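Structure data (PDB, C-alpha atoms) from work.pdb:
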```pdb
ATOM      1  CA  MET A  15     181.990  39.914  11.286
ATOM      2  CA  LEU A  16     179.587  40.102  14.221
ATOM      3  CA  ASN A  17     176.843  38.610  12.057
ATOM      4  CA  ILE A  18     178.868  35.393  11.800
ATOM      5  CA  ILE A  19     178.479  34.502  15.449
ATOM      6  CA  TYR A  20     174.785  35.401  15.290
ATOM      7  CA  LEU A  21     174.260  33.116  12.292
ATOM      8  CA  ALA A  22     176.168  30.341  14.009
ATOM      9  CA  GLY A  23     173.465  30.225  16.638
ATOM     10  CA  LEU A  24     170.679  30.861  14.175
ATOM     11  CA  LEU A  25     171.538  28.093  11.706
ATOM     12  CA  LEU A  26     170.158  25.327  13.868
ATOM     13  CA  LEU A  27     166.869  27.009  14.546
ATOM     14  CA  VAL A  28     165.247  28.445  11.509
ATOM     15  CA  SER A  29     162.713  25.723  10.865
ATOM     16  CA  THR A  30     160.135  23.454  12.449
ATOM     17  CA  ALA A  31     157.169  21.326  11.491
ATOM     18  CA  PRO A  32     153.711  22.805  10.811
ATOM     19  CA  GLN A  33     150.854  22.578  13.274
ATOM     20  CA  ALA A  34     149.247  19.816  11.221
ATOM     21  CA  VAL A  35     152.358  17.676  11.670
ATOM     22  CA  PHE A  36     152.491  18.401  15.408
ATOM     23  CA  ALA A  37     149.165  16.560  15.786
ATOM     24  CA  ALA A  38     150.847  13.224  15.095
ATOM     25  CA  THR A  39     151.749  10.772  17.828
ATOM     26  CA  PRO A  40     155.420  11.119  18.881
ATOM     27  CA  SER A  41     157.727   8.735  17.064
ATOM     28  CA  LEU A  42     160.395   6.434  18.530
ATOM     29  CA  PRO A  43     163.109   9.100  19.137
ATOM     30  CA  VAL A  44     160.872  10.661  21.816
ATOM     31  CA  GLN A  45     162.084   7.789  24.007
ATOM     32  CA  PHE A  46     165.539   9.383  24.112
ATOM     33  CA  THR A  47     166.210  11.015  27.455
ATOM     34  CA  ASN A  48     169.386  12.765  26.346
ATOM     35  CA  VAL A  49     170.834  13.951  23.045
ATOM     36  CA  GLY A  50     174.276  15.525  22.871
ATOM     37  CA  ALA A  51     175.457  17.137  19.644
ATOM     38  CA  HIS A  52     178.506  19.085  18.516
ATOM     39  CA  TYR A  53     178.660  21.139  15.311
ATOM     40  CA  ASP A  54     181.311  23.038  13.402
ATOM     41  CA  VAL A  55     180.252  26.271  11.700
ATOM     42  CA  LEU A  56     182.079  27.261   8.542
ATOM     43  CA  LYS A  57     182.071  30.387   6.432
ATOM     44  CA  GLY A  58     183.007  28.981   3.069
ATOM     45  CA  ASN A  59     185.759  26.506   3.995
ATOM     46  CA  ILE A  60     186.917  28.342   7.133
ATOM     47  CA  LYS A  61     185.728  27.185  10.556
ATOM     48  CA  VAL A  62     184.527  30.223  12.499
ATOM     49  CA  ALA A  63     182.566  28.762  15.435
ATOM     50  CA  THR A  64     181.498  25.635  17.291
ATOM     51  CA  ILE A  65     178.112  24.750  18.758
ATOM     52  CA  THR A  66     177.651  22.336  21.646
ATOM     53  CA  GLU A  67     174.082  21.344  22.354
ATOM     54  CA  ASN A  68     172.327  19.125  24.899
ATOM     55  CA  TYR A  69     168.701  18.009  25.010
ATOM     56  CA  THR A  70     167.418  16.444  28.247
ATOM     57  CA  ARG A  71     164.015  14.909  28.730
ATOM     58  CA  THR A  72     162.729  15.625  32.234
ATOM     59  CA  GLN A  73     159.631  14.384  34.071
ATOM     60  CA  GLY A  74     156.922  15.584  31.701
ATOM     61  CA  GLY A  75     159.149  18.223  30.199
ATOM     62  CA  TYR A  76     162.405  19.051  28.470
ATOM     63  CA  HIS A  77     165.477  21.260  28.790
ATOM     64  CA  ILE A  78     167.724  22.266  25.884
ATOM     65  CA  GLU A  79     170.970  24.222  26.134
ATOM     66  CA  SER A  80     173.055  25.425  23.198
ATOM     67  CA  VAL A  81     176.429  27.166  23.465
ATOM     68  CA  THR A  82     178.016  28.846  20.440
ATOM     69  CA  LYS A  83     181.669  29.927  20.656
ATOM     70  CA  ALA A  84     183.659  31.919  18.131
ATOM     71  CA  ILE A  85     187.013  30.398  17.163
ATOM     72  CA  GLY A  86     189.976  31.319  14.990
ATOM     73  CA  LEU A  87     190.144  34.819  13.547
ATOM     74  CA  LEU A  88     186.599  35.548  14.655
ATOM     75  CA  ALA A  89     187.521  34.815  18.263
ATOM     76  CA  MET A  90     190.572  37.076  17.960
ATOM     77  CA  PHE A  91     188.301  39.864  16.761
ATOM     78  CA  LYS A  92     185.636  39.260  19.384
ATOM     79  CA  ALA A  93     185.512  36.150  21.546
ATOM     80  CA  GLU A  94     181.737  36.092  21.833
ATOM     81  CA  VAL A  95     179.877  33.225  23.491
ATOM     82  CA  ILE A  96     176.122  32.779  23.021
ATOM     83  CA  ARG A  97     174.235  30.604  25.498
ATOM     84  CA  VAL A  98     170.639  29.740  24.603
ATOM     85  CA  THR A  99     168.212  27.711  26.689
ATOM     86  CA  SER A 100     164.679  26.473  26.115
ATOM     87  CA  GLU A 101     162.493  24.807  28.732
ATOM     88  CA  GLY A 102     158.956  23.530  28.497
ATOM     89  CA  ILE A 103     156.657  20.535  28.602
ATOM     90  CA  LEU A 104     156.266  17.464  26.389
ATOM     91  CA  THR A 105     152.881  16.677  24.881
ATOM     92  CA  VAL A 106     151.617  14.237  22.259
ATOM     93  CA  LYS A 107     152.095  17.124  19.817
ATOM     94  CA  GLY A 108     155.756  17.550  20.734
ATOM     95  CA  LEU A 109     157.585  20.323  22.542
ATOM     96  CA  ARG A 110     155.599  23.164  24.083
ATOM     97  CA  PRO A 111     158.088  25.829  25.206
ATOM     98  CA  LEU A 112     157.502  27.861  28.342
ATOM     99  CA  THR A 113     160.718  29.888  28.566
ATOM    100  CA  PHE A 114     163.369  30.836  26.019
ATOM    101  CA  ILE A 115     166.521  32.757  27.014
ATOM    102  CA  GLN A 116     169.378  33.960  24.802
ATOM    103  CA  GLU A 117     172.414  35.393  26.593
ATOM    104  CA  ARG A 118     175.613  36.865  25.176
ATOM    105  CA  LYS A 119     178.856  37.045  27.123
ATOM    106  CA  LEU A 120     179.933  40.377  25.604
ATOM    107  CA  ASP A 121     177.013  42.078  23.839
ATOM    108  CA  THR A 122     174.675  41.726  26.805
ATOM    109  CA  GLU A 123     172.388  44.470  25.483
ATOM    110  CA  ARG A 124     171.396  41.997  22.760
ATOM    111  CA  ASN A 125     170.121  39.406  25.247
ATOM    112  CA  THR A 126     166.525  38.305  24.687
ATOM    113  CA  ARG A 127     163.835  36.281  26.444
ATOM    114  CA  ALA A 128     160.415  34.859  25.610
ATOM    115  CA  ASP A 129     157.809  33.645  28.119
ATOM    116  CA  PHE A 130     154.943  31.530  26.771
ATOM    117  CA  ASP A 131     151.555  31.608  28.528
ATOM    118  CA  TRP A 132     149.508  28.912  26.827
ATOM    119  CA  LYS A 133     146.515  29.422  29.116
ATOM    120  CA  THR A 134     146.024  33.072  28.184
ATOM    121  CA  LYS A 135     147.499  32.522  24.688
ATOM    122  CA  ASN A 136     149.998  35.338  25.133
ATOM    123  CA  ILE A 137     153.757  35.508  24.637
ATOM    124  CA  THR A 138     155.890  38.098  26.436
ATOM    125  CA  LEU A 139     159.082  39.191  24.677
ATOM    126  CA  THR A 140     161.947  40.931  26.477
ATOM    127  CA  ASP A 141     164.905  42.675  24.826
ATOM    128  CA  ARG A 142     166.727  46.004  25.060
ATOM    129  CA  ALA A 143     163.552  47.766  23.939
ATOM    130  CA  GLY A 144     161.731  46.463  27.017
ATOM    131  CA  LYS A 145     158.810  44.069  27.454
ATOM    132  CA  ARG A 146     155.793  43.606  25.215
ATOM    133  CA  THR A 147     153.044  41.009  25.002
ATOM    134  CA  LEU A 148     151.710  39.540  21.757
ATOM    135  CA  PRO A 149     149.077  36.915  20.869
ATOM    136  CA  LEU A 150     150.475  33.373  21.058
ATOM    137  CA  GLN A 151     149.546  31.219  18.080
ATOM    138  CA  ALA A 152     149.124  27.452  18.484
ATOM    139  CA  GLY A 153     152.291  25.513  17.681
ATOM    140  CA  THR A 154     154.647  28.472  18.130
ATOM    141  CA  GLN A 155     158.216  27.427  18.896
ATOM    142  CA  ASP A 156     161.333  29.261  19.979
ATOM    143  CA  ARG A 157     164.429  29.090  17.811
ATOM    144  CA  LEU A 158     166.010  26.407  19.991
ATOM    145  CA  SER A 159     163.041  24.081  20.542
ATOM    146  CA  ALA A 160     162.100  24.305  16.863
ATOM    147  CA  MET A 161     164.513  21.752  15.436
ATOM    148  CA  TYR A 162     163.717  19.175  18.100
ATOM    149  CA  GLN A 163     160.128  19.081  16.869
ATOM    150  CA  PHE A 164     161.427  17.057  13.938
ATOM    151  CA  MET A 165     161.854  14.118  16.339
ATOM    152  CA  PHE A 166     158.060  14.141  16.758
ATOM    153  CA  ALA A 167     157.030  14.682  13.141
ATOM    154  CA  PRO A 168     156.490  12.047  10.400
ATOM    155  CA  LEU A 169     157.775  14.296   7.638
ATOM    156  CA  GLN A 170     157.615  11.616   4.958
ATOM    157  CA  ASN A 171     153.997  12.621   4.283
ATOM    158  CA  ALA A 172     154.545  16.395   4.432
ATOM    159  CA  THR A 173     155.346  18.650   1.488
ATOM    160  CA  GLU A 174     155.743  22.023   3.182
ATOM    161  CA  LEU A 175     156.219  23.691   6.574
ATOM    162  CA  ASN A 176     154.398  26.802   7.755
ATOM    163  CA  PHE A 177     155.053  27.909  11.312
ATOM    164  CA  ASN A 178     155.651  30.709  13.825
ATOM    165  CA  MET A 179     158.904  31.029  15.728
ATOM    166  CA  THR A 180     160.387  33.542  18.164
ATOM    167  CA  ASN A 181     163.950  34.601  18.919
ATOM    168  CA  GLY A 182     162.859  36.453  22.060
ATOM    169  CA  SER A 183     162.692  39.784  20.266
ATOM    170  CA  LYS A 184     160.006  39.079  17.652
ATOM    171  CA  VAL A 185     157.746  36.375  16.268
ATOM    172  CA  ASP A 186     158.008  35.541  12.571
ATOM    173  CA  GLU A 187     156.217  33.199  10.208
ATOM    174  CA  TYR A 188     158.320  30.813   8.136
ATOM    175  CA  ASN A 189     157.550  28.780   5.031
ATOM    176  CA  TYR A 190     159.650  25.831   3.864
ATOM    177  CA  ARG A 191     159.393  22.993   1.365
ATOM    178  CA  ILE A 192     160.147  19.337   2.151
ATOM    179  CA  THR A 193     161.873  16.918  -0.205
ATOM    180  CA  PRO A 194     162.068  13.276   1.019
ATOM    181  CA  ASP A 195     164.400  10.442  -0.005
ATOM    182  CA  GLN A 196     167.583  12.485  -0.195
ATOM    183  CA  SER A 197     171.094  11.795   1.084
ATOM    184  CA  MET A 198     173.906  13.825   2.618
ATOM    185  CA  THR A 199     177.589  13.248   3.206
ATOM    186  CA  ILE A 200     179.296  14.770   6.237
ATOM    187  CA  PRO A 201     182.526  13.867   8.088
ATOM    188  CA  LEU A 202     180.572  11.267  10.111
ATOM    189  CA  GLY A 203     179.473   9.438   6.943
ATOM    190  CA  THR A 204     176.660   9.309   4.383
ATOM    191  CA  PHE A 205     173.068   9.293   5.637
ATOM    192  CA  LYS A 206     169.549   9.132   4.231
ATOM    193  CA  ALA A 207     167.873  12.496   4.672
ATOM    194  CA  VAL A 208     164.843  14.712   4.354
ATOM    195  CA  TYR A 209     165.753  18.003   2.707
ATOM    196  CA  VAL A 210     164.053  21.149   4.026
ATOM    197  CA  ALA A 211     164.533  24.542   2.343
ATOM    198  CA  ASN A 212     162.790  27.852   1.834
ATOM    199  CA  PRO A 213     161.945  28.874  -1.762
ATOM    200  CA  PRO A 214     164.662  31.141  -3.245
ATOM    201  CA  GLN A 215     163.695  34.816  -3.246
ATOM    202  CA  ASP A 216     165.691  37.826  -4.375
ATOM    203  CA  GLY A 217     167.235  39.781  -1.525
ATOM    204  CA  GLU A 218     166.538  37.136   1.124
ATOM    205  CA  ASN A 219     168.646  34.477   2.831
ATOM    206  CA  ARG A 220     168.397  30.896   1.593
ATOM    207  CA  THR A 221     168.150  28.234   4.311
ATOM    208  CA  GLU A 222     168.719  24.503   3.683
ATOM    209  CA  ILE A 223     168.503  21.729   6.296
ATOM    210  CA  TRP A 224     169.266  18.017   6.007
ATOM    211  CA  LEU A 225     167.534  15.763   8.564
ATOM    212  CA  ALA A 226     168.891  12.260   9.174
ATOM    213  CA  THR A 227     165.877   9.966   8.717
ATOM    214  CA  GLU A 228     167.767   6.992  10.192
ATOM    215  CA  HIS A 229     168.296   8.981  13.389
ATOM    216  CA  GLY A 230     164.901  10.432  14.183
ATOM    217  CA  ASN A 231     164.945  13.354  11.726
ATOM    218  CA  PHE A 232     167.748  14.968  13.690
ATOM    219  CA  PRO A 233     169.434  17.907  11.878
ATOM    220  CA  TYR A 234     172.869  16.811  10.699
ATOM    221  CA  LYS A 235     173.671  19.643   8.304
ATOM    222  CA  MET A 236     172.400  23.197   7.742
ATOM    223  CA  THR A 237     173.391  25.904   5.284
ATOM    224  CA  ILE A 238     172.490  29.573   5.105
ATOM    225  CA  THR A 239     173.325  31.509   1.952
ATOM    226  CA  GLU A 240     173.049  35.246   2.454
ATOM    227  CA  SER A 241     171.722  37.605  -0.204
ATOM    228  CA  ASN A 242     175.294  38.759  -0.930
ATOM    229  CA  GLY A 243     176.408  35.180  -1.638
ATOM    230  CA  ASP A 244     178.185  34.476   1.669
ATOM    231  CA  LYS A 245     177.547  30.889   2.769
ATOM    232  CA  PHE A 246     177.564  29.530   6.329
ATOM    233  CA  THR A 247     177.437  25.774   6.909
ATOM    234  CA  GLN A 248     176.730  24.041  10.212
ATOM    235  CA  VAL A 249     177.748  20.386  10.138
ATOM    236  CA  LEU A 250     177.462  17.701  12.795
ATOM    237  CA  THR A 251     180.786  16.324  14.072
ATOM    238  CA  GLN A 252     179.644  14.352  17.147
ATOM    239  CA  ILE A 253     176.294  12.895  18.273
ATOM    240  CA  ASN A 254     175.179  10.822  21.242
ATOM    241  CA  PHE A 255     171.668   9.427  21.829
ATOM    242  CA  GLU A 256     170.650   7.929  25.182
TER     243      GLU A 256
END
```
Take the structure in the file and give it back as C-alpha cells.
Amino acid sequence: MLNIIYLAGLLLLVSTAPQAVFAATPSLPVQFTNVGAHYDVLKGNIKVATITENYTRTQGGYHIESVTKAIGLLAMFKAEVIRVTSEGILTVKGLRPLTFIQERKLDTERNTRADFDWKTKNITLTDRAGKRTLPLQAGTQDRLSAMYQFMFAPLQNATELNFNMTNGSKVDEYNYRITPDQSMTIPLGTFKAVYVANPPQDGENRTEIWLATEHGNFPYKMTITESNGDKFTQVLTQINFE
C-alpha cells in the first residue's frame, strides 16, 4: 500500500525531453507565468490520491511545488502527504534545476534532496544514507522539473527520448519512444496528444504519458503499469494557465 502514494508522486515525473530537444528555442507556452494543475490518481478504478501542482515563472527562474495527498482507504491506512519542490533558472534550453527537495509528512526518513552545481558539473544527493556527490550530465532534470521541459520542446520532430533524471537519492537514465498525432479522452474532454512511452520489458514497469499538443505539450494523463499488472493512472481534472 505504501508504494501507491510513492507512485502517485512519481507518475508525473518519469520522463523529459532529450538534450538534443533542449537545444530548441522555447515555444509559446514559456510565456506563461503561472500554471496550476490538479490530478486524480487511480489504482484501477479507485481514486487513491490527489496531486495539486503549481508552476511559477520568476525573474529569470522558476519555482514548482507539487503536493500529493492520500485519500480514501489509503488515507485511513496512512495519511501520507508528499511535498516536492524544484527551483532553478530558465534558459533558452528550458529549465535548469538548482535545488530539488522531496519531503514526507510521516516517513521523514525517506526525504531526499538534490543540489545541482552546473559550474563544477557536480550533483549532490542527500537521503537517509547521507550525502554523496556525482558527476552532473548536461540536461539532467529532477523528477519534478522534468515534465515541464515539454513546454520547451518541439516534440513533433522527435522519435525518442534519452535523458538523466534524479529523485534526490539517485540519478537514472531513461529511454522513451514518441508517437505524434494521437488523441486522449479525459473528464475535461478530448484532446490532440503526443504519446510518450517506454518500450515494454519483462519484469519492469510500463510508463505511458499523453501530452496535450493544443496546450503546450502539458501532461494531461499518465499511466504506470507495474510488473505484477497493477495499473495506476494520473488524470488531469483542473488546469489554469496565466
Taking all atoms listed in the file into account, which of A:Asp121, A:Asp195, A:Glu79, A:Glu256 comes nearest A:Lys92?
A:Asp121
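Near A:Tyr234, within 9 Å and counting only C-alpha atoms, sit A:Tyr53, A:Met198, A:Ile200, A:Ala207, A:Ile223, A:Trp224, A:Leu225, A:Ala226, A:Gln248, A:Val249, A:Leu250, A:Thr251; same-chain residues fewer than 5 positions away were not included.
The shortest atom-to-atom distance to A:Met165, with all atoms listed in the file taken into account, belongs to A:Leu104 out of A:Leu104, A:Met90, A:Met236, A:Val81.
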Name all residues at most 12 Å from A:Phe46 (count only C-alpha atoms; drop same-chain ones fewer than 6 positions away) and give them as a PDB file with C-alpha atoms, keeping the file's coordinate frame.
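What ended up in part_11.pdb:
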```pdb
ATOM      1  CA  PRO A  40     155.420  11.119  18.881  1.00  0.00           C
ATOM      2  CA  ASN A  68     172.327  19.125  24.899  1.00  0.00           C
ATOM      3  CA  TYR A  69     168.701  18.009  25.010  1.00  0.00           C
ATOM      4  CA  THR A  70     167.418  16.444  28.247  1.00  0.00           C
ATOM      5  CA  ARG A  71     164.015  14.909  28.730  1.00  0.00           C
ATOM      6  CA  THR A  72     162.729  15.625  32.234  1.00  0.00           C
ATOM      7  CA  TYR A  76     162.405  19.051  28.470  1.00  0.00           C
ATOM      8  CA  TYR A 162     163.717  19.175  18.100  1.00  0.00           C
ATOM      9  CA  MET A 165     161.854  14.118  16.339  1.00  0.00           C
ATOM     10  CA  PHE A 166     158.060  14.141  16.758  1.00  0.00           C
ATOM     11  CA  HIS A 229     168.296   8.981  13.389  1.00  0.00           C
ATOM     12  CA  GLY A 230     164.901  10.432  14.183  1.00  0.00           C
ATOM     13  CA  ASN A 254     175.179  10.822  21.242  1.00  0.00           C
ATOM     14  CA  PHE A 255     171.668   9.427  21.829  1.00  0.00           C
ATOM     15  CA  GLU A 256     170.650   7.929  25.182  1.00  0.00           C
TER      16      GLU A 256
END
```
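Those residues returned by the PyMOL selection byres ((chain A and resi 109) around 10) for this file are Phe36, Gly75, Tyr76, Glu101, Gly102, Ile103, Leu104, Thr105, Val106, Lys107, Gly108, Arg110, Pro111, Leu112, Gly153, Thr154, Gln155, Ser159, Ala160, Tyr162, Gln163, Phe164, Met165 and Phe166 of chain A.
For the pair atom CA of A:Ile238 and atom CA of A:Asp141, the interatomic distance is 24.9 Å.
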May I have the residues within 10 Å of A:Thr126 as a compact mmCIF listing (two decimals) with C-alpha atoms, in the coordinates of the input, using all atoms listed in the file and disregarding those fewer than 4 positions away in the same chain?
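Generated file (result28.txt):
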```
# COMPACT_ATOMS: atom_id res chain seq x y z
CA VAL A 98 170.64 29.74 24.60
CA PHE A 114 163.37 30.84 26.02
CA ILE A 115 166.52 32.76 27.01
CA GLN A 116 169.38 33.96 24.80
CA GLU A 117 172.41 35.39 26.59
CA ARG A 118 175.61 36.86 25.18
CA THR A 122 174.68 41.73 26.80
CA LEU A 139 159.08 39.19 24.68
CA THR A 140 161.95 40.93 26.48
CA ASP A 141 164.90 42.68 24.83
CA ARG A 142 166.73 46.00 25.06
CA ALA A 143 163.55 47.77 23.94
CA GLY A 144 161.73 46.46 27.02
CA ASN A 181 163.95 34.60 18.92
CA GLY A 182 162.86 36.45 22.06
CA SER A 183 162.69 39.78 20.27
CA LYS A 184 160.01 39.08 17.65
```
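Close contacts of A:Gly58, defined as residues with an atom at most 8 Å away when counting all atoms listed in the file, with chain neighbours fewer than 5 positions off set aside, comprise Asp244, Lys245, Phe246 and Thr247 of chain A.
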Stretch 234-242 of chain A: axis-aligned bounding box, 3 Å on each side, centre and edge lengths in Å, one decimal, as AutoDock Vina command-line options:
```
--center_x 173.5 --center_y 27.8 --center_z 4.9 --size_x 9.6 --size_y 27.9 --size_z 17.6
```
Could you spell out the hits of the PyMOL selection byres ((chain A and resi 84) around 10) on the shown file, as a VMD selection string?
chain A and resid 16 18 to 20 22 55 61 to 65 82 to 83 85 to 96
Output the selection as a PDB file, in the coordinates of the input - C-alpha atoms for each residue.
```pdb
ATOM      1  CA  LEU A  16     179.587  40.102  14.221  1.00  0.00           C
ATOM      2  CA  ILE A  18     178.868  35.393  11.800  1.00  0.00           C
ATOM      3  CA  ILE A  19     178.479  34.502  15.449  1.00  0.00           C
ATOM      4  CA  TYR A  20     174.785  35.401  15.290  1.00  0.00           C
ATOM      5  CA  ALA A  22     176.168  30.341  14.009  1.00  0.00           C
ATOM      6  CA  VAL A  55     180.252  26.271  11.700  1.00  0.00           C
ATOM      7  CA  LYS A  61     185.728  27.185  10.556  1.00  0.00           C
ATOM      8  CA  VAL A  62     184.527  30.223  12.499  1.00  0.00           C
ATOM      9  CA  ALA A  63     182.566  28.762  15.435  1.00  0.00           C
ATOM     10  CA  THR A  64     181.498  25.635  17.291  1.00  0.00           C
ATOM     11  CA  ILE A  65     178.112  24.750  18.758  1.00  0.00           C
ATOM     12  CA  THR A  82     178.016  28.846  20.440  1.00  0.00           C
ATOM     13  CA  LYS A  83     181.669  29.927  20.656  1.00  0.00           C
ATOM     14  CA  ILE A  85     187.013  30.398  17.163  1.00  0.00           C
ATOM     15  CA  GLY A  86     189.976  31.319  14.990  1.00  0.00           C
ATOM     16  CA  LEU A  87     190.144  34.819  13.547  1.00  0.00           C
ATOM     17  CA  LEU A  88     186.599  35.548  14.655  1.00  0.00           C
ATOM     18  CA  ALA A  89     187.521  34.815  18.263  1.00  0.00           C
ATOM     19  CA  MET A  90     190.572  37.076  17.960  1.00  0.00           C
ATOM     20  CA  PHE A  91     188.301  39.864  16.761  1.00  0.00           C
ATOM     21  CA  LYS A  92     185.636  39.260  19.384  1.00  0.00           C
ATOM     22  CA  ALA A  93     185.512  36.150  21.546  1.00  0.00           C
ATOM     23  CA  GLU A  94     181.737  36.092  21.833  1.00  0.00           C
ATOM     24  CA  VAL A  95     179.877  33.225  23.491  1.00  0.00           C
ATOM     25  CA  ILE A  96     176.122  32.779  23.021  1.00  0.00           C
TER      26      ILE A  96
END
```
Residues within 12 Å of (148.7, 32.5, 29.5), file coords, only C-alpha atoms, listed as an mmCIF file with C-alpha atoms, keeping the file's coordinate frame:
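Result went into point_5.cif, see below:
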```
data_model
loop_
_atom_site.group_PDB
_atom_site.id
_atom_site.type_symbol
_atom_site.label_atom_id
_atom_site.label_comp_id
_atom_site.auth_asym_id
_atom_site.auth_seq_id
_atom_site.Cartn_x
_atom_site.Cartn_y
_atom_site.Cartn_z
ATOM 1 C CA LEU A 112 157.502 27.861 28.342
ATOM 2 C CA ASP A 129 157.809 33.645 28.119
ATOM 3 C CA PHE A 130 154.943 31.530 26.771
ATOM 4 C CA ASP A 131 151.555 31.608 28.528
ATOM 5 C CA TRP A 132 149.508 28.912 26.827
ATOM 6 C CA LYS A 133 146.515 29.422 29.116
ATOM 7 C CA THR A 134 146.024 33.072 28.184
ATOM 8 C CA LYS A 135 147.499 32.522 24.688
ATOM 9 C CA ASN A 136 149.998 35.338 25.133
ATOM 10 C CA ILE A 137 153.757 35.508 24.637
ATOM 11 C CA THR A 138 155.890 38.098 26.436
ATOM 12 C CA THR A 147 153.044 41.009 25.002
ATOM 13 C CA LEU A 148 151.710 39.540 21.757
ATOM 14 C CA PRO A 149 149.077 36.915 20.869
ATOM 15 C CA LEU A 150 150.475 33.373 21.058
ATOM 16 C CA GLN A 151 149.546 31.219 18.080
#
```
A:Phe205, A:Ala211, A:Asn125, A:Ile78: which is nearest A:Asn48, counting only C-alpha atoms?
A:Ile78
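Comparing A:Arg220, A:His52, A:Lys206, A:Lys235 by their smallest distance to A:Thr193, the closest is A:Lys206 (using only C-alpha atoms).
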Considering all atoms listed in the file, can you say which of A:Val185, A:Arg191, A:Gly74, A:Leu202 comes closest to A:Arg127?
A:Val185
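We find atom CA of A:Gly50 and atom CA of A:Val210 to be spaced 22.2 Å apart.
When atom CA of A:Ile60 is paired with atom CA of A:Thr221, their separation reads 19.0 Å.
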Judged by all atoms listed in the file, the minimum distance to A:Pro233 among A:Leu56, A:Ala172, A:Met161, A:Met179 is found for A:Met161
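Running the PyMOL selection byres ((chain A and resi 241) around 8) on this file leaves A:Asp216, A:Gly217, A:Glu218, A:Asn219, A:Arg220, A:Thr239, A:Glu240, A:Asn242, A:Gly243, A:Asp244 selected.
Near A:Thr180, within a cut-off of 7 Å and counting only C-alpha atoms, sit the residues Gln155, Asp156, Arg157 and Asp186 of chain A, with same-chain residues fewer than 6 positions away left out.
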Would you mind completing stretch 198-214 of chain A so that it carries N, CA and C atoms, and writing it out as a PDB file, keeping the file's coordinate frame?
```pdb
ATOM      1  N   MET A 198     172.897  12.803   2.319  1.00  0.00           N
ATOM      2  CA  MET A 198     173.906  13.825   2.618  1.00  0.00           C
ATOM      3  C   MET A 198     175.172  13.123   3.069  1.00  0.00           C
ATOM      4  N   THR A 199     176.299  13.762   2.778  1.00  0.00           N
ATOM      5  CA  THR A 199     177.589  13.248   3.206  1.00  0.00           C
ATOM      6  C   THR A 199     178.270  14.294   4.065  1.00  0.00           C
ATOM      7  N   ILE A 200     178.605  13.904   5.297  1.00  0.00           N
ATOM      8  CA  ILE A 200     179.296  14.770   6.237  1.00  0.00           C
ATOM      9  C   ILE A 200     180.491  13.989   6.770  1.00  0.00           C
ATOM     10  N   PRO A 201     181.360  14.609   7.574  1.00  0.00           N
ATOM     11  CA  PRO A 201     182.526  13.867   8.088  1.00  0.00           C
ATOM     12  C   PRO A 201     182.173  12.577   8.819  1.00  0.00           C
ATOM     13  N   LEU A 202     180.971  12.478   9.395  1.00  0.00           N
ATOM     14  CA  LEU A 202     180.572  11.267  10.111  1.00  0.00           C
ATOM     15  C   LEU A 202     180.127  10.139   9.178  1.00  0.00           C
ATOM     16  N   GLY A 203     179.907  10.457   7.884  1.00  0.00           N
ATOM     17  CA  GLY A 203     179.473   9.438   6.943  1.00  0.00           C
ATOM     18  C   GLY A 203     178.377   9.935   6.024  1.00  0.00           C
ATOM     19  N   THR A 204     177.758   9.000   5.292  1.00  0.00           N
ATOM     20  CA  THR A 204     176.660   9.309   4.383  1.00  0.00           C
ATOM     21  C   THR A 204     175.360   8.783   4.988  1.00  0.00           C
ATOM     22  N   PHE A 205     174.327   9.630   4.971  1.00  0.00           N
ATOM     23  CA  PHE A 205     173.068   9.293   5.637  1.00  0.00           C
ATOM     24  C   PHE A 205     171.880   9.608   4.729  1.00  0.00           C
ATOM     25  N   LYS A 206     170.811   8.807   4.876  1.00  0.00           N
ATOM     26  CA  LYS A 206     169.549   9.132   4.231  1.00  0.00           C
ATOM     27  C   LYS A 206     168.981  10.374   4.903  1.00  0.00           C
ATOM     28  N   ALA A 207     168.286  11.212   4.112  1.00  0.00           N
ATOM     29  CA  ALA A 207     167.873  12.496   4.672  1.00  0.00           C
ATOM     30  C   ALA A 207     166.580  13.000   4.074  1.00  0.00           C
ATOM     31  N   VAL A 208     165.921  13.856   4.848  1.00  0.00           N
ATOM     32  CA  VAL A 208     164.843  14.712   4.354  1.00  0.00           C
ATOM     33  C   VAL A 208     165.446  16.098   4.182  1.00  0.00           C
ATOM     34  N   TYR A 209     165.195  16.693   3.030  1.00  0.00           N
ATOM     35  CA  TYR A 209     165.753  18.003   2.707  1.00  0.00           C
ATOM     36  C   TYR A 209     164.682  19.070   2.901  1.00  0.00           C
ATOM     37  N   VAL A 210     164.987  20.072   3.722  1.00  0.00           N
ATOM     38  CA  VAL A 210     164.053  21.149   4.026  1.00  0.00           C
ATOM     39  C   VAL A 210     164.685  22.470   3.602  1.00  0.00           C
ATOM     40  N   ALA A 211     163.966  23.278   2.826  1.00  0.00           N
ATOM     41  CA  ALA A 211     164.533  24.542   2.343  1.00  0.00           C
ATOM     42  C   ALA A 211     163.425  25.542   2.044  1.00  0.00           C
ATOM     43  N   ASN A 212     163.748  26.819   2.208  1.00  0.00           N
ATOM     44  CA  ASN A 212     162.790  27.852   1.834  1.00  0.00           C
ATOM     45  C   ASN A 212     162.948  28.184   0.348  1.00  0.00           C
ATOM     46  N   PRO A 213     161.861  28.532  -0.339  1.00  0.00           N
ATOM     47  CA  PRO A 213     161.945  28.874  -1.762  1.00  0.00           C
ATOM     48  C   PRO A 213     162.875  30.062  -1.967  1.00  0.00           C
ATOM     49  N   PRO A 214     163.752  30.015  -2.986  1.00  0.00           N
ATOM     50  CA  PRO A 214     164.662  31.141  -3.245  1.00  0.00           C
ATOM     51  C   PRO A 214     163.879  32.414  -3.572  1.00  0.00           C
TER      52      PRO A 214
END
```
